[in-house]
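The next block holds one structure in the form of C-alpha cells; read it before the comments.
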Amino acid sequence: MTEVEPAHSLAPLLAIWLPIAGGILISASGVPGLFLSRRSAGGEGVSAALHILGATAALAGAVLSLGSGSPAVLDIAWGLPLGSLRFELDGLSAVFLPPLILVPALGTVYGLRYWRQSEHPTTGRKLRAFYGLLAGSLVLLTMARDGVLFLFCWEGMALSAFFLVTTDDQDREAREAGWVYFAATHVGTLALFGIFSIVHAMTGSFGFDPLPRDAAPIGAGSAVFFLGLIAFGLKSGLMPLHVWLPGAHAAAPSHVSAVLSGVVLKTGIYGLARVTWMFPHPPMFWGAVLLALGMVSGIVGVMFAIAQHDLKRLLAYHSIENIGIIVMGLGLAMLGRAMARPDWIALGLGGAILHVWNHSFFKSLLFFSAGAVVHRTHTREIDRMGGLAHSMPVTAIMFLVGAVAICGLPPLNGFVSELMIYLGLLRTLHPEGTGPLAGAAFAVPVLAIIGALAVACFVKVFGAVFLGAPRRDHAGEVREAPAALLVPMAVLAALCIGIGALPAGVVPFLDRAVETWETGPAPRPQSLAQLAPLGWVTAIAVAVWGGSALCMIGICRLVRPHRVARIGTWDCGYAAPSARAQYSASSFAQALVAVFRRVVRPREHSPRVHRLFPRRASYRSHIHDVVLDEWIRPAIERISRLAMKLRALQTGRVQIYVLYILLAAIALVLSNVPVIDLLRRMVTR
Amino acid sequence: MSSAVDAMLVMVLLLNFFVLGSSRIRSIIYTVAGQGVLLGLLPVMVHEGIGLRQAVVSVGAIGLKAVIIPRMLMRAMTDLPIRREIQPLIGFRTSLLLGAVATAASMGLAARLPTLGSAGSQLLVPASLATILTGFIILTTRIKAITQVLGYLILENGVFIFGVLLLEAMPFLVEVGVLLDLFVAIFVMGIIINHISREFSSVSTERLSTLKE
C-alpha cells in the first residue's frame, strides 16, 4: 500500500512560498520597464501587472497562513559567511502582511495615471523600479527571521525609499528631504547592527527567537530594547525621532507618500513588536516608556499637524500622531506582559495591530485623495485651494471618509481600534492592584485630546480645501480626478467602511497575532471578541449610517419643493465679496496654534498697521519642525564646523596621501609588535 | 646558491639607490626593468630545481616587469613632453639619505622579526622591506605622474620579493595575485596620466590639488 501524501501538508508549503515568490515578483516588477525607451509607455502596464500578480500571490499566502494554526518555515543555508536564508510566517508576520501588500498594489494602479511615463519621461522608469523594490522588500522583510537577511531586506527598503523620495531630483526641497531621510534611516540601521550583535553574543545566532529568562540578562535585554526603540522608532517616526518624516512625505509623489506613511512606517511597528516578542519577561518600565513615548508622539504630532499649511506635511504629522496611538497600544500590551494581565495584552496589542491596518488604509486614502487634489490644482498650499467639492465631488467624499476614519469617529474603522485601546487603558484603573501603574490611566484623557484635536484639524482641512469658494481663478477649471486615481481610493474607502461596520471579521486574525506575540508567562489571552463589545460597534455603525441616510432623504424632501439659489459661502453680507476674504485654514487654526505656541513655535511676521488708512501690508507665518530645525540642525552644524578643522589633512597632494598610507601601515605593524618590550630588549642588549 | 641570491639582492638594493638618486626618467625606467629581470630570476635561484611553478612565475615576472610595463612607460615617454624629474619635493641627496636610513632600518627590523628565514638567504626580508620603503619614498617625494608609477612599481617589486619567500609555504595563487595587482595598478596609473595630461595639459600631480574641493 502506498503512502498517500496528506493534503494538509501542502498548505504550509504554499503559505511560505507564495509570499516569497510574490515578494520577489513585486521587487522585480519595475525592472522590465528599465529596458524600454523613455517614450514607451509599455513599461507602466507591465510593472503594474507584475506587481498585482505578485501581490495576489503574496496575499493568498498570508491569508492561508492566517487561516492555518502553525507557522510556516523555510530555512536554507546560503553561501555567505553570516546568517542563513530563514523565512518564517507566524501569526505576527502574517497579520502585518495584508496592508503591506494591499496598499502598494493599489498605489501602483494609482501611479499609472498619477506619474505617467509620457508626462515624466526622465523619472518614470526609475520611480517604478524602486517602487517595486520597496514593495517587495517590505513583504520579504516581514518574513525574514534571520538578522542578516532582515538587514538585507531592511536596506533594500530604506534605499529604494530614498530614491523614491528624491524622484523629483531637480527639486531642492526633495533632495534635502532625501538626505535627512537617508541620514535618519542609517542611524536606525546602525542601531540594528547593535541589536543583532548583542543578540548574537547572547544566543550565538543572528536569528529572531524568543529568549528564555536566563539567556537575556536585564542589562543586555534593555540595551536591545532601547536600540530597537531607536532603530524602529526612527523608521516609524516616533516623536523625537520623526525628523525625516514630514519633509519626505511632502516631497515624494503622492502614491509614494501613501506607501511611506501607510506601510513603511508600519515596518517600524512590526520591528518593535518583533523585538518585544523576543523577551517573554520584560521589566515593567519598558512598557511604561513605550506608553509615554506614544502619548508624546500622539499629542505633539497632532499639535504640529494643526499648524501646517502644506496639505501633505499636515497628513505626515498625522502619521506621527497615529504611530503614537499604536505605540500606546503596544506599551499597554508590554505592561500587560510584565504584570501577567492577558486582557491588557489582548486589548493593547489587538488595538495596536488593528490600528496599523486602519491607519494604513485611511492614511493611504487621504494621501491618494490629497494627491488627486495636488495633481489637479498644482499646489500643496491649503490656503490656495477651496471650493473643490464642487469640481471634484468624488475625491471630496473619499477625503471625507478618510478624515472621519482618522479622527476615530464611528461608524468607520478608526473608531474600532481606538475603542480597543481605550478599553484596555481603562482596565488599568481596575481597583485591584493598580499600584505603580496609576499613571497609565493618564493615557485615556490623552487619547481623547488627540482625537478632539484631530477632529479640529480635519475640520480645518476639509473646510478650507473642499468647501467655500475657490480661492484662485483657475480653480474653476479643475476637473474630477481620473478613474485610475479614484478606483484605488474607492477600494480603501470600502475597507474603512467594512472594518468599521463588521470588526468581528478581522478579530480572528488579531487573535492569532496576539497569541503568537504572547510568549510570556501570562495565561492564554482571551479572544478580543469577548473583551470588546463588537456587536455594539456594528449596531452603532448601522445606526449612524441609517441615521445619516434618513437625514439626507429628509433634507432632500424638504429642499426639493423650493427653488434653490446658489450664493457664495461665508460672504458675510459684504457687497463685493472676494474669495480671498474667506475664513482661511490658517485663521481657523490660529486659536489652537496660539494655545500650543510654546511647543509648536510658529514664526509670524505680522504687519504694523497705523493710521486710519493703512498702506498695503502682508502677513506671513510659517511653522518649522522644532526637533529638526532647533535641535538637530544646529548640533550638526557645530559638529561639521569642528570637522572642518580636519580639512587641513586634505592637502590635495597625492604624495601626502601616500605618506598617510605609509604611516597607517607602520602604525599597524607597530600595533602588532610589542614595541616597549622590543625597546627594552634593545636597551638591555 | 645562497651567495648568488645574496648578490642579486644586493644588486636590487643598489638599483633602489640609483632610482632614488637619478633625475632622468628614461634611466629610471631602464633601472626598474633591470630590477624586474633580477626579480624574475629570484624564484628559480631561491628554490633549487626548476619546477613548472617557478618557471611560470619567472617568465611571467620578467615578461611583465622587465618587458611589457617598461615598454608601455617608454611609449608614454615619447608622447609626453618631459624627460626629467626637475623639482622633487625633497632633493635627490636627501632622498638618497632617506633611502639609506630606510635600508638600515629594514635590516635592523628584519633581524628582529620572527620569520621563516630558512628559504634562500638572510637578505630576502630586509631587501623586500627596503624596496617597499624605497617605493614609498619615490611615491611621496616625486611630482611627475610617471615617476609615481615607477615608485609604485618599485613598491610592488618589494612585495614580490616577500612573495618569493612565501612561494613554498603559500600556493602559486599568491604570485598570480601579485602580478595581477600590478597589472591593475599600471592600468589605473595609465588612466591617471592620460587624464592629467588631457585635462591640465601637464603631467604633474601638483595640478591635481586643484581638484580638491
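Chain identifiers are assigned as A, B, and so on, following the order in which chains appear in the C-alpha cells; residues are numbered from 1 within each chain, and ligands are numbered from 1 in order of appearance.
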As a PyMOL selection string, please: the residues near Ala102 of chain B (cut-off 12 Å, only C-alpha atoms, same-chain neighbours under 3 positions excluded). chain B and resi 13+16-17+20+95-99+105-110+126-137
Distance cut-off 6 Å, counting only C-alpha atoms - which residues of chain A neighbour chain B? Return them as a PDB file with N, CA and C atoms, in the first residue's frame.
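Done, and the output landed in out_20.pdb:
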```
ATOM      1  N   GLY A 652      45.297  67.749  -0.927  1.00  0.00           N
ATOM      2  CA  GLY A 652      45.138  67.694  -2.370  1.00  0.00           C
ATOM      3  C   GLY A 652      46.377  67.157  -3.057  1.00  0.00           C
ATOM      4  N   ARG A 653      47.405  66.780  -2.296  1.00  0.00           N
ATOM      5  CA  ARG A 653      48.618  66.232  -2.901  1.00  0.00           C
ATOM      6  C   ARG A 653      48.620  64.719  -2.790  1.00  0.00           C
ATOM      7  N   GLN A 655      51.087  62.821  -3.079  1.00  0.00           N
ATOM      8  CA  GLN A 655      52.269  62.391  -2.320  1.00  0.00           C
ATOM      9  C   GLN A 655      51.965  62.302  -0.835  1.00  0.00           C
ATOM     10  N   VAL A 658      49.884  59.299  -0.012  1.00  0.00           N
ATOM     11  CA  VAL A 658      50.678  58.068   0.058  1.00  0.00           C
ATOM     12  C   VAL A 658      51.407  57.999   1.388  1.00  0.00           C
ATOM     13  N   LEU A 659      51.859  59.171   1.826  1.00  0.00           N
ATOM     14  CA  LEU A 659      52.542  59.200   3.126  1.00  0.00           C
ATOM     15  C   LEU A 659      51.590  58.753   4.231  1.00  0.00           C
TER      16      LEU A 659
END
```
Name the residues of segment 87-228 of chain A that fall into strand (DSSP E or B) according to DSSP on the backbone, using the chain letters and numbers of this document, as a VMD selection string. chain A and resid 87 to 89 144 146 207
Neighbour list for Trp154 of chain A as a PyMOL selection string, cut-off 9 Å, only C-alpha atoms, skip fewer than 6 positions in-chain: chain A and resi 137-138+141+189
Give me, as a VMD selection string, all polymer residues having an atom no more than 10 Å from Phe458 of chain A, counting only C-alpha atoms and skipping those fewer than 6 positions away in the same chain. chain A and resid 305 to 306 314 to 315 399 to 400 402 to 404 406 to 407 464
Residues just named, written with N, CA and C atoms as a compact mmCIF listing (two decimals), in the first residue's frame:
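Just written: again10.txt:
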```txt
# COMPACT_ATOMS: atom_id res chain seq x y z
N ALA A 305 0.38 69.09 13.41
CA ALA A 305 -0.45 68.93 12.23
C ALA A 305 -1.39 70.12 12.06
N ILE A 306 -1.97 70.56 13.17
CA ILE A 306 -2.93 71.67 13.08
C ILE A 306 -2.26 72.91 12.50
N LEU A 314 0.86 68.17 6.54
CA LEU A 314 -0.15 68.02 7.58
C LEU A 314 -0.50 66.55 7.76
N LEU A 315 -0.71 65.87 6.64
CA LEU A 315 -1.02 64.44 6.74
C LEU A 315 0.15 63.68 7.34
N PHE A 399 -12.08 61.84 0.57
CA PHE A 399 -11.29 62.51 1.61
C PHE A 399 -12.08 62.56 2.90
N LEU A 400 -13.38 62.81 2.77
CA LEU A 400 -14.22 62.89 3.97
C LEU A 400 -14.23 61.54 4.70
N GLY A 402 -11.90 59.27 4.67
CA GLY A 402 -10.60 59.14 5.34
C GLY A 402 -10.52 60.01 6.57
N ALA A 403 -11.05 61.23 6.47
CA ALA A 403 -10.94 62.17 7.59
C ALA A 403 -11.75 61.69 8.79
N VAL A 404 -12.96 61.18 8.53
CA VAL A 404 -13.77 60.68 9.65
C VAL A 404 -13.08 59.47 10.28
N ILE A 406 -9.82 58.79 10.35
CA ILE A 406 -8.59 59.12 11.09
C ILE A 406 -8.93 59.82 12.40
N CYS A 407 -10.09 60.47 12.47
CA CYS A 407 -10.48 61.12 13.72
C CYS A 407 -10.99 60.11 14.74
N ALA A 464 -11.31 74.13 4.39
CA ALA A 464 -10.53 75.05 3.55
C ALA A 464 -10.31 74.50 2.15
```
Residue contacts of Phe196 of chain A (12 Å, only C-alpha atoms) excluding same-chain residues fewer than 2 positions away, as a VMD selection string: chain A and resid 82 to 83 145 to 151 189 to 194 198 to 209 220 to 221 223 to 225 227 to 228 231 275
Gly237 of chain A: which residues within 7 Å, counting only C-alpha atoms, same-chain residues fewer than 5 positions away excluded, as a ChimeraX atom specification? /A:242,245,265,320
Run DSSP on the backbone and tell me which residues of segment 92-307 of chain A come out as alpha helix (DSSP H); list them as a PyMOL selection string. chain A and resi 92-114+124-143+147-165+172-203+218-236+245-251+254-259+265-277+284-307
Name the residues in contact with segment 383-397 of chain A at a cut-off of 8 Å, using only C-alpha atoms, excluding same-chain residues fewer than 5 positions from it; report them as an MDAnalysis selection string. chainID A and resid 309 369 372:373 377 463:472 475:476 478:481 486 584:586
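With distances restricted to only C-alpha atoms, B:Val46 is the closest residue to Val5 of chain B from B:Met77, B:Leu155, B:Ile146, B:Val46.
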re atom CA of Gly158 of chain B and atom CA of Leu9 of chain B: distance 10.9 Å
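When only C-alpha atoms are used to compute distances to Ala539 of chain A, the closest of the residues A:Ala501, A:Ile24, A:Leu668, A:Ala490 turns out to be A:Ala501.
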